[in-house]
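As stored in protein-v7.txt (compact mmCIF, C-alpha atoms):
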# COMPACT_ATOMS: atom_id res chain seq x y z
CA MET R 283 -16.53 -5.14 -15.15
CA SER R 284 -18.57 -6.79 -12.41
CA ARG R 285 -18.58 -5.10 -9.02
CA PHE R 286 -17.78 -8.46 -7.41
CA SER R 287 -14.65 -9.63 -9.14
CA THR R 288 -12.80 -12.75 -8.10
CA LYS R 289 -10.47 -10.58 -6.02
CA THR R 290 -13.44 -8.98 -4.24
CA LEU R 291 -15.09 -12.34 -3.56
CA CYS R 292 -11.85 -13.72 -2.12
CA ARG R 293 -11.43 -10.63 0.06
CA VAL R 294 -15.00 -10.90 1.36
CA ALA R 295 -14.55 -14.62 2.08
CA MET R 296 -11.29 -13.98 3.92
CA LEU R 297 -12.76 -11.17 6.02
CA ALA R 298 -15.88 -13.23 6.77
CA ALA R 299 -13.67 -16.11 7.92
CA LEU R 300 -11.77 -13.68 10.15
CA TYR R 301 -15.13 -12.46 11.51
CA VAL R 302 -16.04 -16.03 12.48
CA LEU R 303 -12.62 -16.70 13.98
CA LEU R 304 -12.63 -13.51 16.07
CA ASN R 305 -16.19 -14.13 17.24
CA ASN R 306 -15.50 -17.67 18.38
CA THR R 307 -11.96 -17.53 19.74
CA VAL R 308 -10.99 -14.03 20.83
CA ALA R 309 -13.40 -12.90 23.53
CA ILE R 310 -13.04 -11.14 26.83
CA ARG R 311 -15.61 -12.13 29.45
CA ALA R 312 -16.39 -10.25 32.64
CA GLY R 313 -19.68 -11.28 34.19
CA ASN R 314 -22.42 -10.70 31.62
CA LEU R 315 -20.08 -8.57 29.52
CA ARG R 316 -18.63 -10.32 26.48
CA ILE R 317 -16.33 -8.32 24.28
CA THR R 318 -15.41 -9.85 20.95
CA PHE R 319 -13.44 -8.41 18.09
CA ALA R 320 -15.72 -9.93 15.43
CA SER R 321 -16.74 -6.55 14.07
CA LEU R 322 -13.12 -5.58 13.30
CA PRO R 323 -13.11 -7.12 9.78
CA VAL R 324 -16.47 -5.48 9.04
CA VAL R 325 -15.22 -2.06 10.17
CA VAL R 326 -11.95 -2.35 8.24
CA SER R 327 -13.85 -3.53 5.17
CA ALA R 328 -16.26 -0.59 5.50
CA LEU R 329 -13.41 1.90 5.80
CA LEU R 330 -11.49 0.53 2.83
CA PHE R 331 -14.12 -0.82 0.46
CA GLY R 332 -17.47 0.77 1.29
CA PRO R 333 -20.90 -0.26 2.52
CA LEU R 334 -21.77 -3.04 0.07
CA GLU R 335 -18.65 -5.12 0.53
CA SER R 336 -18.67 -4.72 4.31
CA ALA R 337 -22.36 -5.64 4.50
CA VAL R 338 -21.72 -8.80 2.49
CA THR R 339 -18.75 -9.61 4.75
CA ALA R 340 -20.95 -9.21 7.84
CA LEU R 341 -23.86 -11.19 6.36
CA LEU R 342 -21.65 -14.10 5.36
CA GLY R 343 -19.67 -14.09 8.61
CA GLU R 344 -22.79 -13.96 10.78
CA PHE R 345 -24.50 -16.66 8.70
CA ILE R 346 -21.58 -18.99 9.34
CA ASN R 347 -21.69 -18.05 13.04
CA GLN R 348 -25.39 -18.95 13.14
CA LEU R 349 -24.66 -22.33 11.58
CA ILE R 350 -21.69 -23.31 13.73
CA GLY R 351 -22.99 -21.64 16.88
CA GLY R 352 -25.73 -24.21 17.32
CA TYR R 353 -28.62 -22.06 16.08
CA GLY R 354 -28.86 -23.62 12.64
CA ILE R 355 -31.36 -22.34 10.12
CA THR R 356 -34.63 -21.19 11.64
CA ALA R 357 -37.51 -18.94 10.65
CA THR R 358 -35.60 -15.92 11.97
CA THR R 359 -32.05 -16.71 10.85
CA ALA R 360 -32.14 -14.06 8.13
CA LEU R 361 -33.16 -11.44 10.70
CA TRP R 362 -30.12 -12.19 12.88
CA LEU R 363 -27.87 -11.40 9.92
CA ILE R 364 -29.13 -7.81 9.69
CA PRO R 365 -27.55 -6.14 12.78
CA PRO R 366 -23.91 -6.92 11.87
CA ALA R 367 -24.58 -5.71 8.32
CA VAL R 368 -26.02 -2.45 9.67
CA ARG R 369 -22.62 -1.64 11.20
CA GLY R 370 -20.92 -2.14 7.85
CA VAL R 371 -23.47 -0.05 5.97
CA VAL R 372 -23.32 2.89 8.41
CA ILE R 373 -19.52 3.02 8.58
CA GLY R 374 -19.13 2.23 4.88
CA ALA R 375 -21.50 5.02 3.84
CA ALA R 376 -19.63 7.54 5.99
CA ALA R 377 -16.26 6.29 4.71
CA LEU R 378 -17.46 6.53 1.11
CA ARG R 379 -18.63 10.10 1.67
CA CYS R 380 -15.30 11.07 3.27
CA ARG R 381 -13.33 9.35 0.51
CA ARG R 382 -15.17 11.45 -2.09
CA THR R 383 -13.96 14.61 -0.35
CA GLY R 384 -10.38 13.42 -0.73
CA ARG R 385 -9.67 12.61 2.90
CA PRO R 386 -10.56 9.09 4.09
CA LEU R 387 -12.46 8.54 7.32
CA GLU R 388 -9.57 6.75 9.01
CA SER R 389 -7.49 9.95 8.71
CA ARG R 390 -10.13 11.84 10.75
CA PRO R 391 -9.95 10.26 14.22
CA ALA R 392 -12.79 12.22 15.87
CA ALA R 393 -15.14 11.54 12.98
CA GLY R 394 -13.98 7.92 12.80
CA TYR R 395 -14.78 7.30 16.46
CA ALA R 396 -18.10 9.13 16.16
CA VAL R 397 -19.15 7.08 13.14
CA CYS R 398 -18.11 3.81 14.82
CA VAL R 399 -20.13 4.72 17.94
CA LEU R 400 -23.13 5.72 15.81
CA ALA R 401 -22.87 2.42 13.94
CA ALA R 402 -22.73 0.54 17.25
CA LEU R 403 -25.88 2.29 18.45
CA CYS R 404 -27.66 1.50 15.17
CA THR R 405 -26.49 -2.12 15.42
CA THR R 406 -27.76 -2.43 18.99
CA VAL R 407 -31.14 -0.93 18.10
CA SER R 408 -31.50 -3.26 15.12
CA ASN R 409 -30.40 -6.20 17.28
CA THR R 410 -33.08 -5.28 19.84
CA ALA R 411 -35.67 -5.19 17.06
CA VAL R 412 -34.56 -8.66 15.93
CA ILE R 413 -34.79 -9.93 19.51
CA ALA R 414 -38.34 -8.59 19.69
CA VAL R 415 -39.39 -10.21 16.41
CA ASP R 416 -37.69 -13.50 17.32
CA ALA R 417 -39.40 -13.50 20.72
CA TRP R 418 -42.76 -12.75 19.13
CA VAL R 419 -42.37 -15.47 16.45
CA TYR R 420 -41.38 -18.11 19.01
CA GLY R 421 -43.82 -17.02 21.71
CA TYR R 422 -41.50 -15.84 24.48
CA TYR R 423 -42.01 -12.08 24.07
CA SER R 424 -42.03 -9.90 27.14
CA ARG R 425 -41.12 -6.24 27.33
CA ALA R 426 -38.79 -6.94 30.23
CA TYR R 427 -36.91 -9.56 28.21
CA VAL R 428 -36.63 -7.48 25.05
CA PHE R 429 -35.99 -4.04 26.54
CA GLY R 430 -34.79 -4.82 30.08
CA GLU R 431 -31.10 -4.77 29.20
CA LEU R 432 -31.26 -2.24 26.38
CA LEU R 433 -29.23 0.41 28.20
CA TYR R 434 -26.66 -2.22 29.19
CA ARG R 435 -26.44 -3.42 25.57
CA LEU R 436 -26.11 0.16 24.31
CA GLY R 437 -23.29 0.86 26.77
CA THR R 438 -21.52 -2.37 25.88
CA GLY R 439 -21.92 -1.59 22.18
CA VAL R 440 -20.34 1.84 22.63
CA LEU R 441 -17.46 0.38 24.64
CA ILE R 442 -16.78 -2.26 22.00
CA ALA R 443 -17.07 0.36 19.23
CA VAL R 444 -14.39 2.50 20.86
CA ILE R 445 -12.09 -0.52 21.27
CA ILE R 446 -12.66 -1.64 17.66
CA ALA R 447 -12.20 1.90 16.31
CA THR R 448 -8.92 2.15 18.21
CA ALA R 449 -7.67 -0.87 16.26
CA ALA R 450 -9.49 -0.37 12.95
CA LEU R 451 -8.66 3.27 12.18
CA PRO R 452 -4.85 2.89 12.21
CA LEU R 453 -5.09 -0.55 10.57
CA ALA R 454 -7.18 0.85 7.72
CA GLY R 455 -4.72 3.72 7.31
CA LEU R 456 -1.84 1.28 7.12
CA LEU R 457 -3.63 -0.94 4.58
CA ARG R 458 -4.56 2.10 2.49
CA ARG R 459 -0.92 3.27 2.43
CA GLN R 460 0.04 -0.24 1.25
CA GLY R 461 -2.35 0.13 -1.69
CA LEU R 462 -4.87 -2.41 -0.41
CA ALA R 463 -7.91 -0.13 -0.60
CA ARG R 464 -10.11 1.41 -3.20
CA ALA R 465 -8.81 4.77 -4.33
Turn this file's structure into structure tokens for me.
Amino acid sequence: MSRFSTKTLCRVAMLAALYVLLNNTVAIRAGNLRITFASLPVVVSALLFGPLESAVTALLGEFINQLIGGYGITATTALWLIPPAVRGVVIGAAALRCRRTGRPLESRPAAGYAVCVLAALCTTVSNTAVIAVDAWVYGYYSRAYVFGELLYRLGTGVLIAVIIATAALPLAGLLRRQGLARA
């Protein structure tokens, strides 16, 4: 049987749509800080279904965001899809490893938070790399622009990861108990 059944494709499409909705409607702004809950569907997908499905969810959701967000398709569009997928791959790989030991990641709160924070750091680093490449391709590269707010972005990423983990870990546990996860 194909890894991407009709049920899996529908689930990915639904979670990607939720990603877009949460990115564009539910946001908390405080100065330069913008907290969105867009990564929640990616994290829940990673916890319940693994790295591949969550990466596809993130790629599709971010691609739609790029299209409707006014960026359109450019030479670097594919690069901007990578950072959200990194989050799904990191959390999904850890969740898959925990699931193989018989105890899912969402039932290990300390490990769940640690993995979500690690994924946020990896996402921020990959996002910074994409900013650097985009700036180089379009001729606006400067070290101050690319790396000037790196610590701020890392801190924001960790804060958002903790908030998302606080929602995602119990939600994933609930969905697993309802039979809506891979065994």
Counting only C-alpha atoms, which residue out of R:Thr359, R:Ser287, R:Thr318, R:Thr448 sits closest to Cys398 in chain R?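 Looking at the shortest contact to Cys398 in chain R, the residue is R:Thr448.
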Nearest residue to Ser327 in chain R out of R:Leu432, R:Ala463, R:Val397, R:Val440, using all atoms listed in the file?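 Closest to Ser327 in chain R, using all atoms listed in the file: R:Ala463.
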Compile the contact shell of range 298-304 of chain R as an NGL selection string: residues with an atom at most 8 Å away, counting all atoms listed in the file, same-chain residues fewer than 4 positions apart removed. :R and (294 or 308-309 or 318-324 or 339-340 or 342-344 or 346-347)
For a test of reading the model, state the distance in Å between CA of Thr290 in chain R and CA of Thr383 in chain R, rounded to one decimal.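 We find that CA of Thr290 in chain R and CA of Thr383 in chain R lie 23.9 Å from each other.
Excluding Arg382 in chain R itself and any same-chain residue fewer than 6 positions from it, the protein and nucleic acid residues within 12 Å of it, counting all atoms listed in the file, are Gly332, Ala375, Ala376, Arg464 and Ala465 of chain R.
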I'd like the neighbourhood of Ser389 in chain R as a ChimeraX atom specification, where a residue qualifies if any of its atoms comes within 7 Å (using all atoms listed in the file), though same-chain residues fewer than 3 positions away should be ignored. /R:385-386,455
For the atom pair CA of Val399 in chain R and CA of Val325 in chain R, what is the interatomic distance in Å to one decimal place? 11.4 Å
Could you list, as a ChimeraX atom specification, every residue within 9 Å of Ala328 in chain R, counting only C-alpha atoms and ignoring same-chain residues fewer than 6 positions away? /R:334-337,369-378
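What separates CA of Leu361 in chain R from CA of Cys292 in chain R is a distance of 25.0 Å.
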Would you pick out the contacts of Leu341 in chain R at 8 Å or less, using all atoms listed in the file, so that residues sharing its chain but fewer than 5 positions from it are not included, and give the list as a list in words?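 So the residues in contact are Leu363, Ile364, Pro366 and Ala367 of chain R.
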Pick the closest to Arg458 in chain R from R:Cys404, R:Leu329, R:Leu297, R:Leu315: which is it, counting only C-alpha atoms?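 Going through R:Cys404, R:Leu329, R:Leu297, R:Leu315 one by one, the smallest distance to Arg458 in chain R is for R:Leu329.
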Draw an axis-aligned box tight on the listed atoms of range 296-300 of chain R, then pad every side by 4 Å and write out centre and edge lengths in Å to one decimal as AutoDock Vina command-line options.
--center_x -13.6 --center_y -13.6 --center_z 7.0 --size_x 12.6 --size_y 12.9 --size_z 14.2
Taking all atoms listed in the file into account, name the residue in R:Leu403, R:Leu330, R:Val444, R:Ala417 that is nearest to Arg379 in chain R. R:Leu330
For Phe331 in chain R, the nearest of the candidates R:Arg311, R:Phe286, R:Phe345, R:Tyr427, counting all atoms listed in the file: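 Distance minimum relative to Phe331 in chain R lands on R:Phe286.
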